[in-house]
file run_11.txt (compact mmCIF, C-alpha atoms)
# COMPACT_ATOMS: atom_id res chain seq x y z
CA LEU A 19 0.00 0.00 0.00
CA LEU A 20 1.60 3.22 -1.13
CA PHE A 21 1.00 6.60 0.44
CA VAL A 22 2.71 8.88 -2.04
CA LEU A 23 1.27 12.38 -1.79
CA GLY A 24 3.53 14.54 0.30
CA THR A 25 6.37 12.02 0.16
CA VAL A 26 8.80 14.65 -1.11
CA SER A 27 8.10 17.00 1.77
CA CYS A 28 8.24 14.15 4.31
CA THR A 29 11.41 12.42 3.14
CA LEU A 30 13.74 14.05 5.65
CA PHE A 31 11.20 13.59 8.42
CA LEU A 32 10.87 9.89 7.67
CA ALA A 33 14.61 9.41 7.50
CA VAL A 34 15.21 10.68 11.02
CA ASN A 35 11.97 9.83 12.80
CA SER A 36 10.60 6.46 13.77
CA LEU A 37 7.91 6.72 16.42
CA TYR A 38 9.56 4.04 18.56
CA SER A 39 13.13 3.26 19.61
CA ALA A 40 15.12 0.49 21.25
CA SER A 41 14.67 2.18 24.64
CA ASP A 42 10.88 1.67 24.49
CA ASP A 43 9.05 -1.46 25.58
CA VAL A 44 7.42 -1.45 22.12
CA ILE A 45 9.16 -4.01 19.90
CA GLU A 46 9.95 -2.66 16.42
CA LEU A 47 8.89 -5.26 13.84
CA THR A 48 10.10 -5.58 10.24
CA PRO A 49 9.73 -8.12 7.40
CA THR A 50 13.03 -9.61 8.61
CA ASN A 51 11.96 -10.40 12.16
CA PHE A 52 8.14 -10.52 11.99
CA ASN A 53 7.82 -14.24 11.28
CA LYS A 54 10.24 -15.27 14.03
CA GLU A 55 9.03 -12.76 16.65
CA VAL A 56 5.27 -12.91 16.07
CA ILE A 57 4.13 -15.84 13.88
CA GLN A 58 6.34 -18.48 15.53
CA SER A 59 5.77 -17.08 19.02
CA GLU A 60 3.65 -18.71 21.72
CA SER A 61 2.89 -15.26 23.15
CA LEU A 62 -0.11 -13.07 22.52
CA TRP A 63 0.87 -10.04 20.43
CA LEU A 64 -0.66 -6.61 19.90
CA VAL A 65 0.80 -5.04 16.76
CA GLU A 66 0.31 -1.47 15.57
CA PHE A 67 0.82 -0.73 11.85
CA TYR A 68 1.69 2.97 11.60
CA ALA A 69 3.17 5.71 9.42
CA PRO A 70 5.49 8.28 11.05
CA TRP A 71 3.72 11.18 9.29
CA CYS A 72 0.26 10.12 10.47
CA GLY A 73 -1.20 12.47 13.10
CA HIS A 74 -3.42 9.79 14.68
CA CYS A 75 -0.34 7.54 15.02
CA GLN A 76 1.63 10.33 16.70
CA ARG A 77 -1.22 10.86 19.17
CA LEU A 78 -1.41 7.11 19.87
CA MET A 79 2.36 6.77 20.43
CA PRO A 80 2.54 7.72 24.17
CA GLU A 81 -0.50 5.55 24.97
CA TRP A 82 0.97 2.61 23.03
CA LYS A 83 4.28 2.96 24.90
CA LYS A 84 2.45 3.15 28.24
CA ALA A 85 0.44 0.01 27.41
CA ALA A 86 3.63 -1.82 26.34
CA THR A 87 5.30 -1.01 29.66
CA ALA A 88 2.25 -2.12 31.64
CA LEU A 89 1.99 -5.40 29.69
CA LYS A 90 5.73 -6.19 29.75
CA GLY A 91 6.29 -9.88 30.42
CA VAL A 92 2.57 -10.58 29.99
CA VAL A 93 1.65 -9.62 26.42
CA LYS A 94 4.05 -8.62 23.63
CA VAL A 95 3.42 -5.16 22.12
CA GLY A 96 4.95 -4.36 18.73
CA ALA A 97 4.88 -1.76 15.99
CA VAL A 98 5.43 -1.89 12.22
CA ASP A 99 6.37 1.20 10.19
CA ALA A 100 4.02 0.20 7.36
CA ASP A 101 4.97 3.26 5.33
CA LYS A 102 8.54 1.95 5.20
CA HIS A 103 7.58 -1.74 5.10
CA GLN A 104 4.64 -1.61 2.70
CA SER A 105 4.83 -5.33 1.87
CA LEU A 106 4.16 -6.22 5.51
CA GLY A 107 1.24 -3.80 5.75
CA GLY A 108 -0.19 -5.09 2.48
CA GLN A 109 0.12 -8.68 3.67
CA TYR A 110 -2.25 -7.92 6.55
CA GLY A 111 -4.65 -5.78 4.51
CA VAL A 112 -3.67 -2.50 6.17
CA ARG A 113 -5.56 0.30 4.41
CA GLY A 114 -5.25 3.14 6.93
CA PHE A 115 -3.15 4.24 9.89
CA PRO A 116 -2.96 3.33 12.66
CA THR A 117 -4.27 -0.23 12.28
CA ILE A 118 -3.97 -2.47 15.36
CA LYS A 119 -4.14 -6.26 15.12
CA ILE A 120 -4.21 -8.95 17.82
CA PHE A 121 -2.22 -12.11 17.09
CA GLY A 122 -3.58 -14.78 19.40
CA ALA A 123 -3.53 -18.59 19.36
CA ASN A 124 -3.91 -18.77 15.58
CA LYS A 125 -1.18 -16.42 14.41
CA ASN A 126 -2.36 -16.87 10.82
CA LYS A 127 -5.71 -15.27 11.61
CA ALA A 128 -5.10 -11.93 13.30
CA GLU A 129 -8.08 -10.04 14.73
CA ASP A 130 -8.65 -6.32 14.22
CA TYR A 131 -8.61 -4.24 17.40
CA GLN A 132 -11.56 -1.83 17.32
CA GLY A 133 -11.34 -0.44 20.86
CA GLY A 134 -10.33 2.91 22.27
CA ARG A 135 -6.93 4.52 21.76
CA THR A 136 -6.07 4.98 25.43
CA SER A 137 -3.55 2.82 27.31
CA ASP A 138 -6.33 1.64 29.65
CA ALA A 139 -8.51 0.46 26.75
CA ILE A 140 -5.56 -1.23 25.03
CA VAL A 141 -4.51 -3.07 28.22
CA ASP A 142 -8.11 -4.18 28.89
CA ALA A 143 -8.39 -5.61 25.36
CA ALA A 144 -5.04 -7.38 25.68
CA LEU A 145 -6.01 -9.03 28.99
CA SER A 146 -9.39 -10.03 27.57
CA ALA A 147 -7.72 -11.66 24.55
CA LEU A 148 -5.19 -13.33 26.87
CA ARG A 149 -7.98 -14.76 29.03
CA SER A 150 -9.65 -16.23 25.92
CA LEU A 151 -6.37 -17.76 24.75
CA VAL A 152 -5.73 -19.40 28.13
CA LYS A 153 -9.30 -20.75 28.35
CA ASP A 154 -8.97 -22.23 24.85
CA ARG A 155 -5.76 -23.99 25.90
CA LEU A 156 -7.47 -25.26 29.05
CA SER A 157 -10.30 -26.79 27.00
CA GLY A 158 -7.88 -28.29 24.47
CA ARG A 159 -8.63 -25.90 21.64
CA SER A 160 -5.95 -24.18 19.64
CA GLY A 161 -5.92 -22.17 16.45
CA GLY A 162 -4.02 -24.48 14.11
CA GLY A 163 -3.99 -24.62 10.33
CA TYR A 164 -5.56 -27.23 8.07
CA SER A 165 -4.51 -30.84 8.00
CA SER A 166 -3.67 -32.00 4.49
CA GLY A 167 -4.30 -35.49 3.14
CA LYS A 168 -8.08 -35.63 3.47
CA GLN A 169 -8.13 -32.17 5.10
CA SER A 170 -10.66 -33.30 7.66
CA ARG A 171 -12.32 -30.95 10.15
CA GLU A 172 -10.64 -32.35 13.24
CA SER A 173 -9.98 -29.12 15.09
CA GLY A 174 -11.77 -28.88 18.42
CA GLY A 175 -12.34 -25.18 17.72
CA GLY A 176 -14.32 -26.00 14.58
CA ASP A 177 -12.12 -23.74 12.43
CA LYS A 178 -13.25 -23.65 8.81
CA LYS A 179 -10.73 -24.85 6.30
CA ASP A 180 -10.19 -22.44 3.43
CA VAL A 181 -8.14 -24.83 1.27
CA ILE A 182 -10.59 -26.48 -1.14
CA GLU A 183 -10.00 -30.21 -1.67
CA LEU A 184 -10.46 -31.14 -5.34
CA THR A 185 -10.82 -34.57 -6.95
CA ASP A 186 -10.99 -36.11 -10.43
CA ASP A 187 -14.78 -35.79 -10.21
CA SER A 188 -15.04 -32.24 -8.83
CA PHE A 189 -12.13 -30.50 -10.56
CA ASP A 190 -13.67 -29.54 -13.91
CA LYS A 191 -16.98 -28.22 -12.61
CA ASN A 192 -15.20 -26.10 -10.00
CA VAL A 193 -12.11 -24.85 -11.83
CA ILE A 194 -12.53 -25.00 -15.60
CA ASN A 195 -14.50 -21.97 -16.89
CA SER A 196 -14.65 -20.50 -13.39
CA ASP A 197 -14.53 -16.70 -13.34
CA ASP A 198 -12.30 -16.95 -10.28
CA VAL A 199 -8.54 -17.55 -10.24
CA TRP A 200 -7.45 -20.90 -8.80
CA MET A 201 -4.07 -21.77 -7.30
CA VAL A 202 -3.98 -25.56 -7.03
CA GLU A 203 -1.41 -27.57 -5.09
CA PHE A 204 -0.86 -31.17 -6.28
CA TYR A 205 0.57 -33.10 -3.32
CA ALA A 206 1.36 -36.57 -2.03
CA PRO A 207 0.59 -37.40 1.63
CA TRP A 208 4.02 -39.00 2.13
CA CYS A 209 5.95 -36.02 0.69
CA GLY A 210 8.04 -34.09 3.23
CA HIS A 211 8.07 -30.85 1.19
CA CYS A 212 4.27 -31.04 0.98
CA LYS A 213 4.05 -31.35 4.76
CA ASN A 214 6.28 -28.29 5.13
CA LEU A 215 4.05 -26.36 2.72
CA GLU A 216 0.82 -27.38 4.51
CA PRO A 217 0.63 -24.67 7.21
CA GLU A 218 1.83 -21.95 4.81
CA TRP A 219 -0.76 -22.93 2.17
CA ALA A 220 -3.53 -23.06 4.78
CA ALA A 221 -2.68 -19.68 6.28
CA ALA A 222 -2.39 -18.11 2.84
CA ALA A 223 -5.76 -19.57 1.84
CA THR A 224 -7.52 -17.82 4.72
CA GLU A 225 -5.80 -14.48 4.10
CA VAL A 226 -6.34 -14.61 0.32
CA LYS A 227 -10.00 -15.52 0.73
CA GLU A 228 -10.53 -12.47 2.93
CA GLN A 229 -8.50 -10.00 0.87
CA THR A 230 -9.90 -11.01 -2.53
CA LYS A 231 -13.47 -11.67 -1.32
CA GLY A 232 -13.09 -15.25 -2.58
CA LYS A 233 -12.09 -14.26 -6.13
CA VAL A 234 -8.76 -16.10 -5.78
CA LYS A 235 -9.09 -19.63 -4.41
CA LEU A 236 -6.42 -21.93 -3.01
CA ALA A 237 -7.04 -25.64 -3.52
CA ALA A 238 -5.29 -28.99 -3.11
CA VAL A 239 -5.34 -32.27 -5.03
CA ASP A 240 -4.02 -35.55 -3.64
CA ALA A 241 -2.22 -36.65 -6.81
CA THR A 242 -1.71 -40.19 -5.52
CA VAL A 243 -5.48 -40.72 -5.44
CA ASN A 244 -6.58 -38.48 -8.32
CA GLN A 245 -4.29 -39.91 -10.95
CA MET A 246 -6.38 -38.73 -13.89
CA LEU A 247 -5.70 -35.10 -12.94
CA ALA A 248 -2.04 -35.82 -12.20
CA SER A 249 -1.67 -37.38 -15.64
CA ARG A 250 -3.61 -34.62 -17.45
CA TYR A 251 -1.38 -31.89 -16.01
CA GLY A 252 1.90 -33.84 -16.19
CA ILE A 253 2.59 -33.84 -12.46
CA ARG A 254 6.06 -35.35 -11.95
CA GLY A 255 7.08 -34.03 -8.52
CA PHE A 256 5.52 -32.85 -5.30
CA PRO A 257 4.34 -30.35 -4.41
CA THR A 258 3.51 -28.85 -7.81
CA ILE A 259 1.42 -25.67 -7.81
CA LYS A 260 -0.47 -24.57 -10.91
CA ILE A 261 -2.48 -21.41 -11.61
CA PHE A 262 -5.75 -21.71 -13.51
CA GLN A 263 -7.47 -18.70 -15.11
CA LYS A 264 -10.49 -18.73 -17.41
CA GLY A 265 -9.58 -18.90 -21.08
CA GLU A 266 -5.87 -19.50 -20.45
CA ASP A 267 -3.64 -22.54 -20.24
CA PRO A 268 -2.55 -23.36 -16.67
CA VAL A 269 0.85 -22.04 -15.66
CA ASP A 270 3.27 -23.26 -13.03
CA TYR A 271 3.73 -21.24 -9.86
CA ASP A 272 7.45 -21.07 -9.27
CA GLY A 273 7.55 -18.50 -6.46
CA GLY A 274 8.50 -18.88 -2.82
CA ARG A 275 6.74 -21.36 -0.56
CA THR A 276 6.12 -19.07 2.41
CA ARG A 277 2.74 -17.69 3.33
CA SER A 278 3.77 -14.14 2.36
CA ASP A 279 5.13 -15.27 -1.03
CA ILE A 280 1.92 -17.12 -1.85
CA ILE A 281 -0.29 -14.22 -0.71
CA ALA A 282 1.72 -11.70 -2.73
CA ARG A 283 1.30 -13.74 -5.93
CA ALA A 284 -2.41 -14.29 -5.24
CA LEU A 285 -2.99 -10.55 -4.77
CA ASP A 286 -1.12 -9.83 -8.02
CA LEU A 287 -3.37 -12.31 -9.82
CA PHE A 288 -6.39 -10.67 -8.21
CA SER A 289 -5.45 -7.14 -9.30
CA ASP A 290 -4.57 -8.35 -12.81
CA ASN A 291 -8.06 -9.78 -13.15
CA ALA A 292 -9.97 -7.11 -11.24
CA PRO A 293 -12.13 -4.73 -13.26
CA PRO A 294 -10.98 -1.11 -13.41
CA PRO A 295 -12.41 1.11 -10.68
CA GLU A 296 -15.67 2.90 -11.30
CA LEU A 297 -15.54 6.43 -12.66
CA LEU A 298 -18.14 8.36 -10.65
CA GLU A 299 -19.66 11.79 -11.15
CA ILE A 300 -19.62 13.96 -8.03
CA ILE A 301 -23.36 14.43 -7.62
CA SER A 302 -23.36 14.55 -3.81
CA GLU A 303 -21.12 14.91 -0.79
CA ASP A 304 -21.46 11.18 -0.11
CA VAL A 305 -19.91 10.26 -3.47
CA LEU A 306 -16.86 12.42 -2.83
CA LYS A 307 -16.39 11.44 0.81
CA SER A 308 -16.92 7.70 0.40
CA THR A 309 -14.57 7.51 -2.58
CA CYS A 310 -11.78 9.67 -1.18
CA ASP A 311 -11.93 8.19 2.33
CA ALA A 312 -11.80 4.61 1.01
CA HIS A 313 -8.79 5.06 -1.27
CA GLN A 314 -5.22 6.19 -0.80
CA LEU A 315 -5.66 8.73 -3.59
CA CYS A 316 -8.73 10.00 -5.40
CA ILE A 317 -8.24 11.37 -8.90
CA ILE A 318 -10.69 14.22 -9.55
CA SER A 319 -11.24 15.65 -13.03
CA VAL A 320 -13.13 18.88 -13.73
CA LEU A 321 -14.46 18.69 -17.30
CA PRO A 322 -15.63 21.63 -19.42
CA HIS A 323 -19.29 22.62 -19.37
CA ILE A 324 -21.44 20.41 -21.58
CA LEU A 325 -22.28 23.40 -23.80
CA ASP A 326 -18.56 23.77 -24.56
CA THR A 327 -17.95 20.13 -25.55
CA GLY A 328 -21.24 18.39 -26.33
CA ALA A 329 -21.73 14.74 -25.45
CA SER A 330 -19.05 13.44 -27.84
CA GLY A 331 -16.39 15.78 -26.46
CA ARG A 332 -17.22 14.90 -22.88
CA ASN A 333 -17.22 11.18 -23.62
CA SER A 334 -13.77 11.47 -25.17
CA TYR A 335 -12.46 12.96 -21.90
CA LEU A 336 -14.21 10.26 -19.87
CA ASP A 337 -12.67 7.59 -22.14
CA VAL A 338 -9.19 8.94 -21.38
CA MET A 339 -9.92 8.72 -17.65
CA LEU A 340 -11.27 5.17 -17.97
CA LYS A 341 -8.12 4.09 -19.82
CA MET A 342 -5.95 5.57 -17.08
CA ALA A 343 -8.10 3.95 -14.37
CA GLU A 344 -7.52 0.60 -16.09
CA LYS A 345 -3.78 1.23 -16.42
CA TYR A 346 -3.38 2.16 -12.75
CA LYS A 347 -5.99 -0.21 -11.27
CA LYS A 348 -3.38 -2.00 -9.14
CA LYS A 349 -2.94 1.23 -7.21
CA MET A 350 -6.54 0.93 -5.95
CA TRP A 351 -7.22 4.65 -6.43
CA GLY A 352 -10.67 6.26 -6.62
CA TRP A 353 -11.77 8.10 -9.79
CA LEU A 354 -14.20 11.04 -9.86
CA TRP A 355 -15.32 13.80 -12.21
CA THR A 356 -17.48 16.90 -12.15
CA GLU A 357 -18.54 19.61 -14.57
CA ALA A 358 -16.93 23.05 -14.51
CA GLY A 359 -18.90 25.30 -12.18
CA ALA A 360 -20.98 22.53 -10.63
CA GLN A 361 -18.71 22.30 -7.56
CA SER A 362 -17.04 25.71 -7.57
CA ASP A 363 -16.04 25.52 -3.87
CA LEU A 364 -14.25 22.22 -4.50
CA GLU A 365 -12.51 23.70 -7.54
CA SER A 366 -11.26 26.65 -5.47
CA SER A 367 -9.95 24.38 -2.70
CA LEU A 368 -7.91 22.48 -5.32
CA GLY A 369 -6.56 25.55 -7.09
CA ILE A 370 -8.80 25.01 -10.12
CA GLY A 371 -11.51 27.28 -11.38
CA GLY A 372 -12.60 29.81 -13.92
CA PHE A 373 -10.41 28.58 -16.75
CA GLY A 374 -8.05 25.83 -17.86
CA TYR A 375 -10.60 23.04 -18.27
CA PRO A 376 -10.31 20.10 -18.35
CA ALA A 377 -8.30 19.95 -15.12
CA MET A 378 -7.20 17.10 -12.85
CA ALA A 379 -6.16 16.87 -9.20
CA ALA A 380 -4.92 13.88 -7.21
CA VAL A 381 -6.04 14.18 -3.58
CA ASN A 382 -4.79 12.36 -0.49
CA ALA A 383 -7.80 12.76 1.81
CA ARG A 384 -5.92 11.47 4.86
CA LYS A 385 -3.32 14.21 4.62
CA MET A 386 -5.62 16.69 2.84
CA LYS A 387 -2.96 17.37 0.23
CA PHE A 388 -3.29 17.46 -3.52
CA ALA A 389 -1.23 17.63 -6.69
CA LEU A 390 -2.37 19.23 -9.95
CA LEU A 391 -1.94 17.96 -13.49
CA LYS A 392 0.35 20.48 -15.17
CA GLY A 393 0.62 18.73 -18.54
CA SER A 394 -2.01 18.00 -21.16
CA PHE A 395 -5.28 16.22 -20.36
CA SER A 396 -4.34 13.27 -22.58
CA GLU A 397 -3.27 9.69 -22.06
CA GLN A 398 0.38 10.72 -22.27
CA GLY A 399 0.05 13.80 -20.05
CA ILE A 400 -2.02 12.05 -17.38
CA ASN A 401 0.21 8.98 -17.47
CA GLU A 402 3.29 11.10 -16.78
CA PHE A 403 1.46 12.89 -13.94
CA LEU A 404 0.30 9.65 -12.27
CA ARG A 405 3.63 7.90 -12.81
CA GLU A 406 5.42 10.74 -10.98
CA LEU A 407 2.93 10.50 -8.11
CA SER A 408 3.29 6.73 -7.87
CA VAL A 409 7.04 7.03 -7.23
CA GLY A 410 6.64 9.87 -4.75
CA ARG A 411 7.60 12.79 -6.98
CA GLY A 412 5.65 15.91 -7.88
CA SER A 413 4.78 19.02 -5.90
CA THR A 414 1.85 18.98 -3.50
CA ALA A 415 -0.17 21.62 -1.69
CA PRO A 416 -2.65 21.54 1.20
CA VAL A 417 -6.32 21.45 0.29
CA GLY A 418 -7.75 24.94 0.79
CA GLY A 419 -9.30 25.24 4.24
CA GLY A 420 -7.73 21.93 5.31
CA ALA A 421 -10.89 19.95 4.51
CA PHE A 422 -13.24 19.30 1.63
CA PRO A 423 -15.70 22.19 1.20
CA LYS A 424 -19.46 21.88 0.93
CA ILE A 425 -20.49 19.69 -2.00
CA HIS A 426 -23.69 20.59 -3.81
CA SER A 427 -26.17 17.88 -4.78
CA VAL A 428 -26.65 17.99 -8.55
CA GLU A 429 -28.51 15.96 -11.12
CA PRO A 430 -26.28 13.38 -12.83
CA TRP A 431 -25.39 14.01 -16.46
CA ASP A 432 -27.98 12.42 -18.73
CA GLY A 433 -25.45 11.60 -21.44
CA LYS A 434 -26.90 14.13 -23.86
CA ASP A 435 -25.73 17.36 -25.43
CA GLY A 436 -26.58 20.37 -23.31
CA GLU A 437 -29.31 22.79 -24.17
CA LEU A 438 -29.19 26.57 -23.84
CA PRO A 439 -31.68 27.85 -21.28
CA VAL A 440 -34.92 29.04 -22.83
CA GLU A 441 -35.22 32.84 -22.59
CA ASP A 442 -38.57 34.57 -22.08
CA ASP A 443 -39.90 36.32 -25.19
CA ILE A 444 -39.91 40.08 -24.83
CA ASP A 445 -42.84 41.95 -26.40
CA LEU A 446 -41.53 45.24 -27.81
CA SER A 447 -44.75 46.22 -29.67
CA ASP A 448 -45.74 48.90 -27.13
CA VAL A 449 -42.27 50.44 -26.80
CA ASP A 450 -41.44 53.63 -28.74
CA LEU A 451 -37.83 52.90 -29.58
CA ASP A 452 -37.20 56.43 -30.87
CA ASP A 453 -38.23 57.98 -27.52
CA TRP A 454 -36.18 55.36 -25.63
CA ASP A 455 -33.08 56.27 -27.58
CA LYS A 456 -33.55 60.00 -26.88
CA ASP A 457 -34.00 59.40 -23.18
CA GLU A 458 -30.84 57.33 -23.05
CA LEU A 459 -28.87 60.02 -24.80
call {"tool": "encode", "arguments": {"input": "run_11.txt", "output": "structure tokens"}}
result
Amino acid sequence: LLFVLGTVSCTLFLAVNSLYSASDDVIELTPTNFNKEVIQSESLWLVEFYAPWCGHCQRLMPEWKKAATALKGVVKVGAVDADKHQSLGGQYGVRGFPTIKIFGANKNKAEDYQGGRTSDAIVDAALSALRSLVKDRLSGRSGGGYSSGKQSRESGGGDKKDVIELTDDSFDKNVINSDDVWMVEFYAPWCGHCKNLEPEWAAAATEVKEQTKGKVKLAAVDATVNQMLASRYGIRGFPTIKIFQKGEDPVDYDGGRTRSDIIARALDLFSDNAPPPELLEIISEDVLKSTCDAHQLCIISVLPHILDTGASGRNSYLDVMLKMAEKYKKKMWGWLWTEAGAQSDLESSLGIGGFGYPAMAAVNARKMKFALLKGSFSEQGINEFLRELSVGRGSTAPVGGGAFPKIHSVEPWDGKDGELPVEDDIDLSDVDLDDWDKDEL
């Protein structure tokens, strides 16, 4: 997850400021130590995913430190700079800062912490989670992964298994012609490498199911039993992982065998197959707020008045935006447009207005900063603008007033050419124009 607006102005700040240090009781976590410290740990962990520039994170910092000191030796308290370690934040679906997750008995299924941001509230939640963990151990339950082979539901906790077991009989109707993407592991129960992959595959399956809303599925085939499938796909060694997508020949997955490797590839497959984001007209405050709050950046275009372009001219501008939305869909940005003059307060707050249409601004609603398109409103000009933003370059400015202004509710464009307003007929039959002229002179 990239937070790029304002990166230039924050670079020095980020270089010298981490919110936590070795002298704190908060344990700094990174991609290098996260697996060993958290995932393989028997302890309960509270982990904050933060960005150093985030105001809410800065306000949480003293409370987080206080909670860590109070819980020392009882519950582990950690922090991840998810602006610096974006892969780790992305792996746990972090979309905003700060995000706090509780890693309990099943480290592969972290829970979101939704409580208060005071040290008292944090400590209470930690002790509550700890009590649940201990009671589960007392009753013989634990949060393990799936068991391969027949992948039976043996867990006392009744955990659902998110790896789908496929057979010769069920494979075609589930996988072939499915609109979803399938990652299928062909295994043998006696294979040591398969046993090593088991917990990673199971944990990835749960995470991928959640993050892709089930659009990427992880499955498993016992190739020693389902020999028709093993023969059809030329399985010679175990485990073999193949990727199936509608209308394409299966391809081998040759990436890493850790949970994070598998998740990263699954999310790439998901974004490659995801439709481009919707391009929405700003017809109400709700449209603007919901789009800009839900995405790291929202791209707002102000198009000329319909009387200046007609329907065909406007559609050509919208087509350019749709192409760019498709090109940059992996960024998960929001895309909006409005007509010149319809949202004049918004235009003013973004340094647009009065002339220079079409115009485009990229807004980071969390920081209330924006950047303006300086080049042409064309595929090439917009591409250069967005490419600069995506690597953290380009000048930014604060949104006027520090917040979005009032948004007027307007009727959505009907897709037609505009019509000039009808003027009232003026009856001049009773007016003596000669006398009027004299009076004026």
call {"tool": "closest_residue", "arguments": {"input": "run_11.txt", "among": "A:Leu236, A:Met342, A:Met201, A:Ala69", "to": "A:Ile259", "atoms": "all atoms listed in the file"}}
result
A:Met201
call {"tool": "residues_near_point", "arguments": {"input": "run_11.txt", "point": "(-15.3, 17.7, -13.5)", "cutoff": "6 Å", "atoms": "all atoms listed in the file", "output": "mmCIF file with C-alpha atoms, in the frame of the given file"}}
result
data_model
loop_
_atom_site.group_PDB
_atom_site.id
_atom_site.type_symbol
_atom_site.label_atom_id
_atom_site.label_comp_id
_atom_site.auth_asym_id
_atom_site.auth_seq_id
_atom_site.Cartn_x
_atom_site.Cartn_y
_atom_site.Cartn_z
ATOM 1 C CA SER A 319 -11.240 15.650 -13.030
ATOM 2 C CA VAL A 320 -13.130 18.880 -13.730
ATOM 3 C CA LEU A 321 -14.460 18.690 -17.300
ATOM 4 C CA TRP A 355 -15.320 13.800 -12.210
ATOM 5 C CA THR A 356 -17.480 16.900 -12.150
ATOM 6 C CA GLU A 357 -18.540 19.610 -14.570
ATOM 7 C CA ALA A 358 -16.930 23.050 -14.510
#
call {"tool": "residues_near_point", "arguments": {"input": "run_11.txt", "point": "(5.5, 12.8, -10.9)", "cutoff": "12 Å", "atoms": "all atoms listed in the file", "output": "list in words"}}
result
Val22, Leu23, Gly24, Thr25, Val26, Ala380, Ala389, Leu390, Leu391, Lys392, Gly393, Gly399, Ile400, Asn401, Glu402, Phe403, Leu404, Arg405, Glu406, Leu407, Ser408, Val409, Gly410, Arg411, Gly412, Ser413 and Thr414 of chain A
call {"tool": "residues_around", "arguments": {"input": "run_11.txt", "residues": "stretch 177-191 of chain A", "least_positions_apart": "2", "cutoff": "7 Å", "atoms": "only C-alpha atoms", "output": "ChimeraX atom specification"}}
result
/A:164,173,175,193-194,220,223-224,236-239,244,246-247
call {"tool": "closest_residue", "arguments": {"input": "run_11.txt", "among": "A:Trp351, A:Phe121, A:Phe262, A:Trp219", "to": "A:Glu55", "atoms": "only C-alpha atoms"}}
result
A:Phe121
call {"tool": "residues_around", "arguments": {"input": "run_11.txt", "residues": "A:Gly210", "least_positions_apart": "4", "cutoff": "12 Å", "atoms": "only C-alpha atoms", "output": "list in words"}}
result
Ser166, Tyr205, Ala206, Asn214, Leu215, Glu216, Gly255, Phe256 and Pro257 of chain A
call {"tool": "atom_distance", "arguments": {"input": "run_11.txt", "atom1": "atom CA of A:Thr50", "atom2": "atom CA of A:Arg283"}}
result
19.1 Å
call {"tool": "atom_distance", "arguments": {"input": "run_11.txt", "atom1": "atom CA of A:Trp63", "atom2": "atom CA of A:Asp311"}}
result
28.7 Å
call {"tool": "atom_distance", "arguments": {"input": "run_11.txt", "atom1": "atom CA of A:Arg275", "atom2": "atom CA of A:Gly108"}}
result
17.9 Å
call {"tool": "closest_residue", "arguments": {"input": "run_11.txt", "among": "A:Phe115, A:Tyr38, A:Phe373, A:Trp353", "to": "A:Val95", "atoms": "all atoms listed in the file"}}
result
A:Tyr38
call {"tool": "residues_around", "arguments": {"input": "run_11.txt", "residues": "A:Asp279", "least_positions_apart": "4", "cutoff": "10 Å", "atoms": "all atoms listed in the file", "output": "count of residues only"}}
result
8
call {"tool": "closest_residue", "arguments": {"input": "run_11.txt", "among": "A:Arg155, A:Arg277, A:Arg149, A:Lys54", "to": "A:Val93", "atoms": "all atoms listed in the file"}}
result
A:Arg149
call {"tool": "closest_residue", "arguments": {"input": "run_11.txt", "among": "A:Val98, A:Asp270, A:Phe204, A:Pro430", "to": "A:Ser249", "atoms": "only C-alpha atoms"}}
result
A:Phe204
call {"tool": "residues_around", "arguments": {"input": "run_11.txt", "residues": "A:Asp42", "least_positions_apart": "3", "cutoff": "10 Å", "atoms": "all atoms listed in the file", "output": "ChimeraX atom specification"}}
result
/A:37-39,45-46,83-84,86-87
call {"tool": "residues_around", "arguments": {"input": "run_11.txt", "residues": "A:Ile118", "least_positions_apart": "2", "cutoff": "8 Å", "atoms": "all atoms listed in the file", "output": "ChimeraX atom specification"}}
result
/A:64-67,116,120,130-132
